[in-house]
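Note sheet for the following structure.
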Amino acid sequence: MGGQAQARAVLRLSGITKRFGSLVANDAITFDLHEGEVIALLGENGAGKTTLMNILFGHYSADEGSVKLFGAPLPPGNPRAALAAGVGMVHQHFTLADNLTVTENITLGTEPLWRMGRSRAAARKRVEDLSRDFGLAVHPDARVGNLSVGERQRVEILKALYRDARILILDEPTAVLTPQEADDLFATLKKAVARGMSVIFISHKLHEVMAISSRVLVLRHGKLVGEVRTADTDKHQLATMMVGAEVAELEVRPHAPGPVLLALKGVSTPARGNVTGLRNVTLDLRAGQITGLAGVSGNGQAALAALIGGLELPDKGEMTLDGASVEGWSPRQAVDAGVARIPEDRHTTGTVADFTLTENAILESYGDAKFSRKGWMDWRAAEGFAQDIIARYDVRCPGPATRIRLLSGGNMQKLILGRVLERGPKIILANQPVRGLDIGAVTYVHQRLLQARDESAAVLLISEDLDEVMALSDVIHVISEGRLSPGFARGAMTPAQLGVWMAGHGFERSDHAA
Amino acid sequence: MRLEPIADPGLGRTLGFPAAALAATLAFAMALAMAAGADPLVVLGLMIKGAAGSKFALLETLNRATPLIFTGLAVAVAFRAKLWNIGAEAQLYAGAIIAVLLGTGAVALPWPLLLPLSALAAAVAGSLVLLGPATLKLRFGVDEVVTTLLFNFIMLLFVSYLLEGPMKDPAGMGWPKSQRLIADARLPRIADGLRLHWGFLLALIAAAGVWIVQTRTTLGYEMRAVGLNPTAARFAGLPVGRIMIKTALLSGGLAALAGWSEVAGLKGSLTLDLSPGFGYTGIIVAMLALLNPLGVVVSALFVAGVFVGADSMSRAIGVPTYIADALLAASLLFMVLALLLARVRVRRG
């Protein structure tokens with residue numbers, strides 16, 4: 001892959017500008033993609049990566065600038081034109097029909113419905129060939145509803161290959177994969193690239209960018225701020241470019257754990273719709289310790305969070321708090337028992353978007369004598385509380401009377417942190433606490449969690465980002481299909497070893513032990 | 001075409017678009033008048049004169065606004081908590097029945113005791129009418145839009161049964177109407193010689209009361225939280241079910257006071273045509289007011305003025321009074337559209 005400089009440009013973006021109201025999502029972005037190369041598009045959330053790819057794929061039309069594919073201009077705002085010109089896109093959220101087979105999903109939309117029957121055998125053969133050639137192991141007749149997340153992603157890639165895509169756009173493709181699956185994906189991409197495919201790989205994970213790309217483009221606040229050959233850079237330089245400032249390394253000092261504050265013994269919870277239930281889970285949360293929960297999304301994390309957060313009761317097994325068995329259990333009781341809950345979705349679960357910062361700050365504590373007496377609110381006290389949080393947790397906002405929907409994700413999360421940490425919690429349930437935040441806010445949240453640990457809180461950190469779990473946790477459990485692995489001490493396992501558990505191996509023995 | 005939300009619409013947008021909606025409503029009314037073969041300016045002039053052109057006209061409008069303030073508040077309170085109470089009409093009749101039950105001599109008390117007692121009993125009756133649908137919604141997820149709506153018809157038939165049977169006025173010459181209320185059970189007029197009863201002031205007090213509940217009390221905070229985001233409210237530990245029930249009780253009680261004050265203040269007896277759809281019009285009133293309890297007073301006055309003005313205009317030049325219904329419907333549609341457009345930007349592509 002040395003001769004890329006001479007390879008012809010398959011895609012040329014010139015001066016792409018896209019505005020949403022006063023926000024400039026893409027500011028005069030120009031770059032080329034060459035045949036047979038992988039470029040990584042790196043940037044924080046909100047940097048404009050997804051907007052740019054949506055313009056390229058025809059979902060949006062740019063306010064200024066042009067897109068040229070294989071030398072021909074691409075008509076704006078027309079996904080069909082992009083498809084026909086050979087652009088394939090794998091979104092973060094898959095666009096597959098669960099009730100159809102792999103082959104049916106792949107051919108859907110490529111052929112008129114009345115001809116699907118006749119060409120089915122040929123189509124199936126082609127899917128089989130492609131999946132063999134590119135190492136995308138998936139059965140052509142399997143029903144998509146029965147496939148794992150990793151397999152579904154392969155179907156999406158096959159879909160693009162089937163349509164003779166010559167440019168493949170992958171939007172955060174590894175977010176839903178185990179480390180092994182990510183390695184398989186990279187192997188597939190290398191095969192495709194060797195055959196002349198060009199790939200745009202969108203990510204914010206630096207080690208992946210370093211592993212797969214030949215060039216890195218860095219976006220920040222809608223601008224293209226850097227373009228480097230991967231061979232000439234390192235993670236530190238990329239992170240600095242992405243953030244626009246030196247990134248502080250997180251410092252984790254060892255801390256002696258205290259007594260068990262919350263324990264689950266052989267707990268099972270029912271599955272609800274798409275939410276996997278827990279199966280015979282045993283877990284100790286100790287004071288002064290961060291317990292990390294690693295796993296591919298959708299493997300029971302939501303059920304565990306619901307259980308500890310007070311939204312769910314065990315079907316079987318026992319939950320104890322400070323050694324006493326939990327009988328009645330509700331969000332209210334969880335709050336009163338000193339459980340600080342940082343919910344997975346801060347927009348729909350964590351806050352009321354049209355409430356002010358003050359109203360959101362007291363959402364869990366409005367009934368306290370401090371804020372409410374004989375049914376009357378003391379808004380002055382509530383506003384004082386909100387102001388304290390704003391000051392102590394560095395919430396950037398015009399003031400406590402601002403509606404929270406106007407805040408960035410990071411500032412919203414800081415308000416939630418303040419809301420729960422100001423109550424001096426004994427147990428902290430942090431479910432995806434930094435998802436969607438920029439690096440500055442990520443560091444802030446992590447420091448606060450570490451500080452709470454040092455002040456003897458028991459922290460449960462649930463994250464789909466294995467790097468995050470490994471960096472922060474004193475003990476790591478892996479969750480897969482509702483089962484929980486034994487706890488592994490910090491540094492005891494490599495990412496690959498954890499990946500084996502994430503893929504669902506190794507559980508049988510521990511089931512017997514329990 | 002796509003709609004892009006505007007994070008923080010300025011004062012110009014928030015006021016400009018509703019003003020434009022009002023102008024559009026006016027233009028629509030003139031077009032309707034022209035279609036009916038009348039001079040639009042004359043029609044408009046007569047309507048304004050008929051609604052507010054004289055002391056009599058003004059008082060008539062205030063009287064008409066009284067039940068609309070109550071039903072508008074009932075709807076505003078419920079909708080604010082996302083409890084879709086379409087049954088203010090049924091709750092209104094529940095209040096009216098109580099006014100007759102306690103007011104026709106069955107309870108012999110002087111008016112300072114009888115009136116508060118009867119008002120309270122009416123409110124409780126209205127609360128109970130809405131309690132059923134609210135409980136069904138919470139327990140079994142039954143859609144309250146359907147149950148409250150259908151209850152309106154049940155209640156109307158029940159009233160019809162009462163007026164043909166147990167409540168029928170023996171001296172009514174066969175008409176389906178109740179006995180007249182005794183003097184102690186009647187709401188007095190605010191001033192001698194003015195055809196305006198204390199119900200109007202009670203309605204204003206109720207509006208202020210609801211506003212205070214919503215902005216100053218713990219219950220108001222809870223109701224707004226549940227209405228804006230029930231998921232977040234439940235997650236934060238708010239007793240969502242209990243809040244819904246309290247909301248239903250408050251809403252049903254307010255709607256019942258509309259019927260109670262109509263019987264005790266204006267009509268003096270119960271007939272089947274007590275309400276020309278006050279319960280349903282309350283939805284328009286509440287929506288035009290953006291569910292703001294103080295706004296409900298303003299929008300109830302506007303809606304009452306349109307009805308009273310159209311009646312008077314119709315008597316004068318024979319343009320059908322249906323113009324009032326069309327006008328209100330148009331004003332609501334324009335207003336809803338204006339409120340949407342104030343918050344989003346329309347973009348092509």
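In the structure tokens, each chain is lettered A, B, ... as it comes, each chain's residues begin at 1, and ligands are numbered from 1 in order of appearance.
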Contact set, chain A to chain B: 7 Å, only C-alpha atoms, as a ChimeraX atom specification: /A:60-61,77,331-332,348-352,363-364,372,375-377,406
Output of the above residues as a PDB file, in the first residue's frame, restricted to C-alpha atoms:
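Output (out_32.pdb):
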ATOM      1  CA  TYR A  60     -28.195  16.086   3.239  1.00  0.00           C
ATOM      2  CA  SER A  61     -27.277  18.542   0.551  1.00  0.00           C
ATOM      3  CA  GLY A  77     -29.414  15.253  -1.810  1.00  0.00           C
ATOM      4  CA  PRO A 331     -36.433   4.381  42.168  1.00  0.00           C
ATOM      5  CA  ARG A 332     -37.465   6.375  45.234  1.00  0.00           C
ATOM      6  CA  THR A 348     -34.840  10.959  27.872  1.00  0.00           C
ATOM      7  CA  THR A 349     -34.209   9.374  31.269  1.00  0.00           C
ATOM      8  CA  GLY A 350     -31.843  11.686  33.078  1.00  0.00           C
ATOM      9  CA  THR A 351     -33.423  15.060  32.490  1.00  0.00           C
ATOM     10  CA  VAL A 352     -36.669  16.767  31.579  1.00  0.00           C
ATOM     11  CA  LEU A 363     -35.705  16.087  40.317  1.00  0.00           C
ATOM     12  CA  GLU A 364     -34.648  13.454  42.862  1.00  0.00           C
ATOM     13  CA  SER A 372     -40.627  21.521  49.868  1.00  0.00           C
ATOM     14  CA  GLY A 375     -46.667  21.014  49.728  1.00  0.00           C
ATOM     15  CA  TRP A 376     -45.136  24.378  48.857  1.00  0.00           C
ATOM     16  CA  MET A 377     -41.929  24.634  46.869  1.00  0.00           C
ATOM     17  CA  LEU A 406     -30.014  24.168  25.434  1.00  0.00           C
TER      18      LEU A 406
END
Contacts of Ala245 (chain A) within 12 Å, only C-alpha atoms, excl. fewer than 3 positions in-chain, as a list in words: Arg220, His236, Gln237, Leu238, Ala239, Thr240, Met241, Met242, Ala248, Ile439 and Gly440 of chain A
d(CA of Leu46 (chain B), CA of Leu288 (chain B)) in Å: 23.7 Å
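Neighbouring residues of Gly145 (chain A) at 9 Å or closer, counting only C-alpha atoms and skipping chain neighbours under 6 positions away, are Leu96, Ala97, Asp98, Asn99, Leu100, Thr101 and Arg152 of chain A.
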Two-atom distance - CA of Asp184 (chain A), CA of Ile212 (chain A) (Å): 11.7 Å
8 Å contact set for region 180-183 of chain B, only C-alpha atoms, chain neighbours under 6 positions out, as a list in words: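 Selected residues are Val100, Gly103, Thr104, Gly105, Ala264, Gly268, Ser269 and Leu270 of chain B.
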If you keep all heavy atoms, can you produce a file of those selected residues as an mmCIF file, in the first residue's frame?
data_model
loop_
_atom_site.group_PDB
_atom_site.id
_atom_site.type_symbol
_atom_site.label_atom_id
_atom_site.label_comp_id
_atom_site.auth_asym_id
_atom_site.auth_seq_id
_atom_site.Cartn_x
_atom_site.Cartn_y
_atom_site.Cartn_z
ATOM 1 N N VAL B 100 -78.437 20.513 41.377
ATOM 2 C CA VAL B 100 -79.888 20.295 41.469
ATOM 3 C C VAL B 100 -80.224 19.429 42.686
ATOM 4 O O VAL B 100 -81.133 19.717 43.463
ATOM 5 C CB VAL B 100 -80.410 19.627 40.184
ATOM 6 C CG1 VAL B 100 -81.879 19.235 40.345
ATOM 7 C CG2 VAL B 100 -80.223 20.553 38.996
ATOM 8 N N GLY B 103 -79.749 21.486 45.700
ATOM 9 C CA GLY B 103 -80.267 22.853 45.648
ATOM 10 C C GLY B 103 -81.759 22.985 45.523
ATOM 11 O O GLY B 103 -82.284 24.098 45.488
ATOM 12 N N THR B 104 -82.478 21.878 45.446
ATOM 13 C CA THR B 104 -83.922 22.008 45.218
ATOM 14 C C THR B 104 -84.720 21.743 46.488
ATOM 15 O O THR B 104 -85.864 21.311 46.442
ATOM 16 C CB THR B 104 -84.388 21.048 44.108
ATOM 17 O OG1 THR B 104 -83.805 19.764 44.335
ATOM 18 C CG2 THR B 104 -83.976 21.553 42.749
ATOM 19 N N GLY B 105 -84.103 21.947 47.653
ATOM 20 C CA GLY B 105 -84.852 21.852 48.886
ATOM 21 C C GLY B 105 -84.556 20.606 49.702
ATOM 22 O O GLY B 105 -84.965 20.503 50.856
ATOM 23 N N ALA B 264 -76.398 26.980 39.123
ATOM 24 C CA ALA B 264 -76.626 27.793 40.316
ATOM 25 C C ALA B 264 -76.576 29.282 40.008
ATOM 26 O O ALA B 264 -77.216 30.078 40.692
ATOM 27 C CB ALA B 264 -75.583 27.441 41.385
ATOM 28 N N GLY B 268 -80.589 28.208 36.780
ATOM 29 C CA GLY B 268 -81.501 27.949 37.890
ATOM 30 C C GLY B 268 -82.120 26.569 37.859
ATOM 31 O O GLY B 268 -82.767 26.156 38.814
ATOM 32 N N SER B 269 -81.992 25.860 36.761
ATOM 33 C CA SER B 269 -82.490 24.480 36.713
ATOM 34 C C SER B 269 -81.652 23.729 35.685
ATOM 35 O O SER B 269 -80.847 24.320 34.955
ATOM 36 C CB SER B 269 -83.962 24.451 36.311
ATOM 37 O OG SER B 269 -84.095 24.951 34.992
ATOM 38 N N LEU B 270 -81.833 22.420 35.658
ATOM 39 C CA LEU B 270 -81.044 21.591 34.741
ATOM 40 C C LEU B 270 -81.894 21.171 33.556
ATOM 41 O O LEU B 270 -83.014 20.647 33.727
ATOM 42 C CB LEU B 270 -80.514 20.352 35.484
ATOM 43 C CG LEU B 270 -79.755 19.309 34.652
ATOM 44 C CD1 LEU B 270 -78.562 19.930 33.944
ATOM 45 C CD2 LEU B 270 -79.313 18.145 35.525
#
Neighbour list for region 84-96 of chain B as JSON, numbers by chain, cut-off 7 Å, only C-alpha atoms, skip fewer than 5 positions in-chain: {"B": [71, 75, 78, 79, 122, 123, 125, 126, 129, 144, 145, 148, 149, 151, 152, 155, 252, 255, 256, 257, 258, 259, 260, 263, 270, 277, 278, 279, 280]}
Best match for closeness to Thr276 (chain A) among A:Gly310, A:Gly46, A:Gly244, A:Gly298, counting only C-alpha atoms: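 Checking each candidate against Thr276 (chain A), we get A:Gly298 as the closest.
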Residue contacts of Ala36 (chain B) (12 Å, only C-alpha atoms) excluding same-chain residues fewer than 6 positions away, as an MDAnalysis selection string: chainID B and resid 29:30 43 314 317:323
Which of region 134-189 of chain A DSSP labels strand (DSSP E), written as a short mmCIF file (atom, residue, chain, number, x, y, z; two decimals) with N, CA, C and O atoms, in the first residue's frame:
data_model
loop_
_atom_site.label_atom_id
_atom_site.label_comp_id
_atom_site.auth_asym_id
_atom_site.auth_seq_id
_atom_site.Cartn_x
_atom_site.Cartn_y
_atom_site.Cartn_z
N ILE A 167 -16.65 2.40 -2.74
CA ILE A 167 -16.28 3.23 -1.59
C ILE A 167 -17.17 2.79 -0.43
O ILE A 167 -18.39 2.73 -0.57
N LEU A 168 -16.55 2.44 0.67
CA LEU A 168 -17.31 1.97 1.82
C LEU A 168 -17.12 2.94 2.97
O LEU A 168 -15.98 3.28 3.32
N ILE A 169 -18.24 3.40 3.53
CA ILE A 169 -18.17 4.31 4.67
C ILE A 169 -18.64 3.55 5.90
O ILE A 169 -19.74 2.98 5.90
N LEU A 170 -17.82 3.51 6.93
CA LEU A 170 -18.19 2.80 8.15
C LEU A 170 -18.25 3.81 9.29
O LEU A 170 -17.25 4.47 9.60
N ASP A 171 -19.42 3.96 9.88
CA ASP A 171 -19.61 4.95 10.95
C ASP A 171 -19.49 4.25 12.30
O ASP A 171 -20.37 3.48 12.68
#
Shell of 12 Å around Asp133 (chain A), only C-alpha atoms, local chain residues under 3 positions omitted, as a list in words: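 In the requested format, the answer is Arg126, Val127, Glu128, Asp129, Leu130, Leu136, Ala137, Leu158, Leu161, Ala187, Thr188, Leu189, Lys190, Lys191, Ala192, Ala194 and Arg195 of chain A.
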Keeping only all heavy atoms, take the residues you just selected and write them out as a compact mmCIF listing (two decimals), in the first residue's frame.
# COMPACT_ATOMS: atom_id res chain seq x y z
N ARG A 126 -24.28 -15.56 -5.07
CA ARG A 126 -23.41 -14.40 -5.05
C ARG A 126 -23.10 -13.98 -3.60
O ARG A 126 -21.96 -13.66 -3.25
CB ARG A 126 -24.12 -13.27 -5.80
CG ARG A 126 -23.30 -12.10 -6.01
CD ARG A 126 -23.27 -11.48 -7.37
NE ARG A 126 -22.37 -10.36 -7.22
CZ ARG A 126 -22.79 -9.11 -7.08
NH1 ARG A 126 -24.06 -8.81 -7.21
NH2 ARG A 126 -21.93 -8.14 -6.84
N VAL A 127 -24.11 -14.02 -2.74
CA VAL A 127 -23.90 -13.69 -1.34
C VAL A 127 -22.90 -14.66 -0.71
O VAL A 127 -21.99 -14.27 0.02
CB VAL A 127 -25.24 -13.72 -0.57
CG1 VAL A 127 -25.01 -13.62 0.93
CG2 VAL A 127 -26.15 -12.59 -1.04
N GLU A 128 -23.07 -15.94 -1.06
CA GLU A 128 -22.17 -16.97 -0.53
C GLU A 128 -20.73 -16.69 -0.97
O GLU A 128 -19.81 -16.74 -0.15
CB GLU A 128 -22.61 -18.34 -1.05
CG GLU A 128 -22.87 -19.33 0.06
CD GLU A 128 -23.42 -20.63 -0.48
OE1 GLU A 128 -23.73 -20.72 -1.69
OE2 GLU A 128 -23.56 -21.57 0.31
N ASP A 129 -20.56 -16.39 -2.26
CA ASP A 129 -19.22 -16.12 -2.78
C ASP A 129 -18.59 -14.91 -2.09
O ASP A 129 -17.44 -14.97 -1.66
CB ASP A 129 -19.28 -15.84 -4.29
CG ASP A 129 -19.65 -17.11 -5.07
OD1 ASP A 129 -19.60 -18.19 -4.44
OD2 ASP A 129 -20.00 -17.00 -6.26
N LEU A 130 -19.37 -13.86 -1.99
CA LEU A 130 -18.84 -12.65 -1.38
C LEU A 130 -18.44 -12.91 0.07
O LEU A 130 -17.39 -12.47 0.52
CB LEU A 130 -19.89 -11.52 -1.42
CG LEU A 130 -20.11 -10.85 -2.78
CD1 LEU A 130 -21.33 -9.94 -2.72
CD2 LEU A 130 -18.88 -10.06 -3.19
N LEU A 136 -16.49 -12.83 5.52
CA LEU A 136 -17.64 -12.33 6.28
C LEU A 136 -18.56 -13.51 6.59
O LEU A 136 -19.55 -13.75 5.89
CB LEU A 136 -18.39 -11.27 5.47
CG LEU A 136 -17.63 -9.96 5.26
CD1 LEU A 136 -18.18 -9.20 4.08
CD2 LEU A 136 -17.69 -9.12 6.51
N ALA A 137 -18.21 -14.26 7.63
CA ALA A 137 -18.92 -15.50 7.92
C ALA A 137 -20.35 -15.23 8.38
O ALA A 137 -20.57 -14.68 9.46
CB ALA A 137 -18.18 -16.28 9.01
N LEU A 158 -21.89 -6.85 3.50
CA LEU A 158 -22.21 -7.66 2.32
C LEU A 158 -23.17 -6.93 1.40
O LEU A 158 -23.07 -7.00 0.18
CB LEU A 158 -22.83 -9.00 2.75
CG LEU A 158 -21.86 -10.09 3.20
CD1 LEU A 158 -22.61 -11.27 3.77
CD2 LEU A 158 -20.99 -10.53 2.01
N LEU A 161 -21.21 -4.63 -0.60
CA LEU A 161 -20.38 -5.34 -1.58
C LEU A 161 -21.25 -5.87 -2.72
O LEU A 161 -20.88 -5.81 -3.89
CB LEU A 161 -19.64 -6.51 -0.91
CG LEU A 161 -18.60 -6.12 0.13
CD1 LEU A 161 -18.08 -7.37 0.83
CD2 LEU A 161 -17.45 -5.36 -0.53
N ALA A 187 -9.60 -7.39 9.22
CA ALA A 187 -9.09 -8.33 8.22
C ALA A 187 -9.92 -8.24 6.95
O ALA A 187 -9.38 -8.23 5.83
CB ALA A 187 -9.12 -9.75 8.79
N THR A 188 -11.24 -8.16 7.11
CA THR A 188 -12.12 -8.03 5.95
C THR A 188 -11.81 -6.76 5.18
O THR A 188 -11.71 -6.76 3.95
CB THR A 188 -13.59 -8.00 6.41
OG1 THR A 188 -13.89 -9.23 7.04
CG2 THR A 188 -14.53 -7.78 5.24
N LEU A 189 -11.64 -5.67 5.92
CA LEU A 189 -11.38 -4.39 5.26
C LEU A 189 -10.07 -4.46 4.48
O LEU A 189 -9.96 -3.96 3.37
CB LEU A 189 -11.32 -3.26 6.29
CG LEU A 189 -12.66 -2.91 6.95
CD1 LEU A 189 -12.48 -1.72 7.89
CD2 LEU A 189 -13.72 -2.59 5.91
N LYS A 190 -9.06 -5.14 5.06
CA LYS A 190 -7.77 -5.24 4.36
C LYS A 190 -7.94 -6.01 3.05
O LYS A 190 -7.36 -5.64 2.03
CB LYS A 190 -6.74 -5.91 5.27
CG LYS A 190 -6.34 -4.96 6.41
CD LYS A 190 -4.99 -5.31 7.01
CE LYS A 190 -4.52 -4.19 7.93
NZ LYS A 190 -4.53 -4.57 9.35
N LYS A 191 -8.75 -7.08 3.10
CA LYS A 191 -9.00 -7.84 1.87
C LYS A 191 -9.68 -6.96 0.82
O LYS A 191 -9.33 -7.00 -0.36
CB LYS A 191 -9.90 -9.05 2.17
CG LYS A 191 -9.15 -10.22 2.74
CD LYS A 191 -10.08 -11.41 2.92
CE LYS A 191 -9.37 -12.46 3.76
NZ LYS A 191 -10.28 -13.17 4.65
N ALA A 192 -10.67 -6.20 1.27
CA ALA A 192 -11.42 -5.37 0.33
C ALA A 192 -10.52 -4.30 -0.28
O ALA A 192 -10.58 -4.04 -1.48
CB ALA A 192 -12.61 -4.72 1.04
N ALA A 194 -7.34 -4.45 -0.69
CA ALA A 194 -6.40 -5.08 -1.62
C ALA A 194 -7.03 -5.24 -3.00
O ALA A 194 -6.33 -5.31 -4.01
CB ALA A 194 -5.96 -6.43 -1.07
N ARG A 195 -8.36 -5.30 -3.04
CA ARG A 195 -9.03 -5.43 -4.34
C ARG A 195 -9.47 -4.08 -4.90
O ARG A 195 -10.32 -4.02 -5.79
CB ARG A 195 -10.27 -6.29 -4.19
CG ARG A 195 -9.91 -7.72 -3.86
CD ARG A 195 -11.13 -8.49 -3.45
NE ARG A 195 -10.74 -9.79 -2.96
CZ ARG A 195 -11.39 -10.88 -3.27
NH1 ARG A 195 -12.46 -10.83 -4.04
NH2 ARG A 195 -10.99 -12.03 -2.79
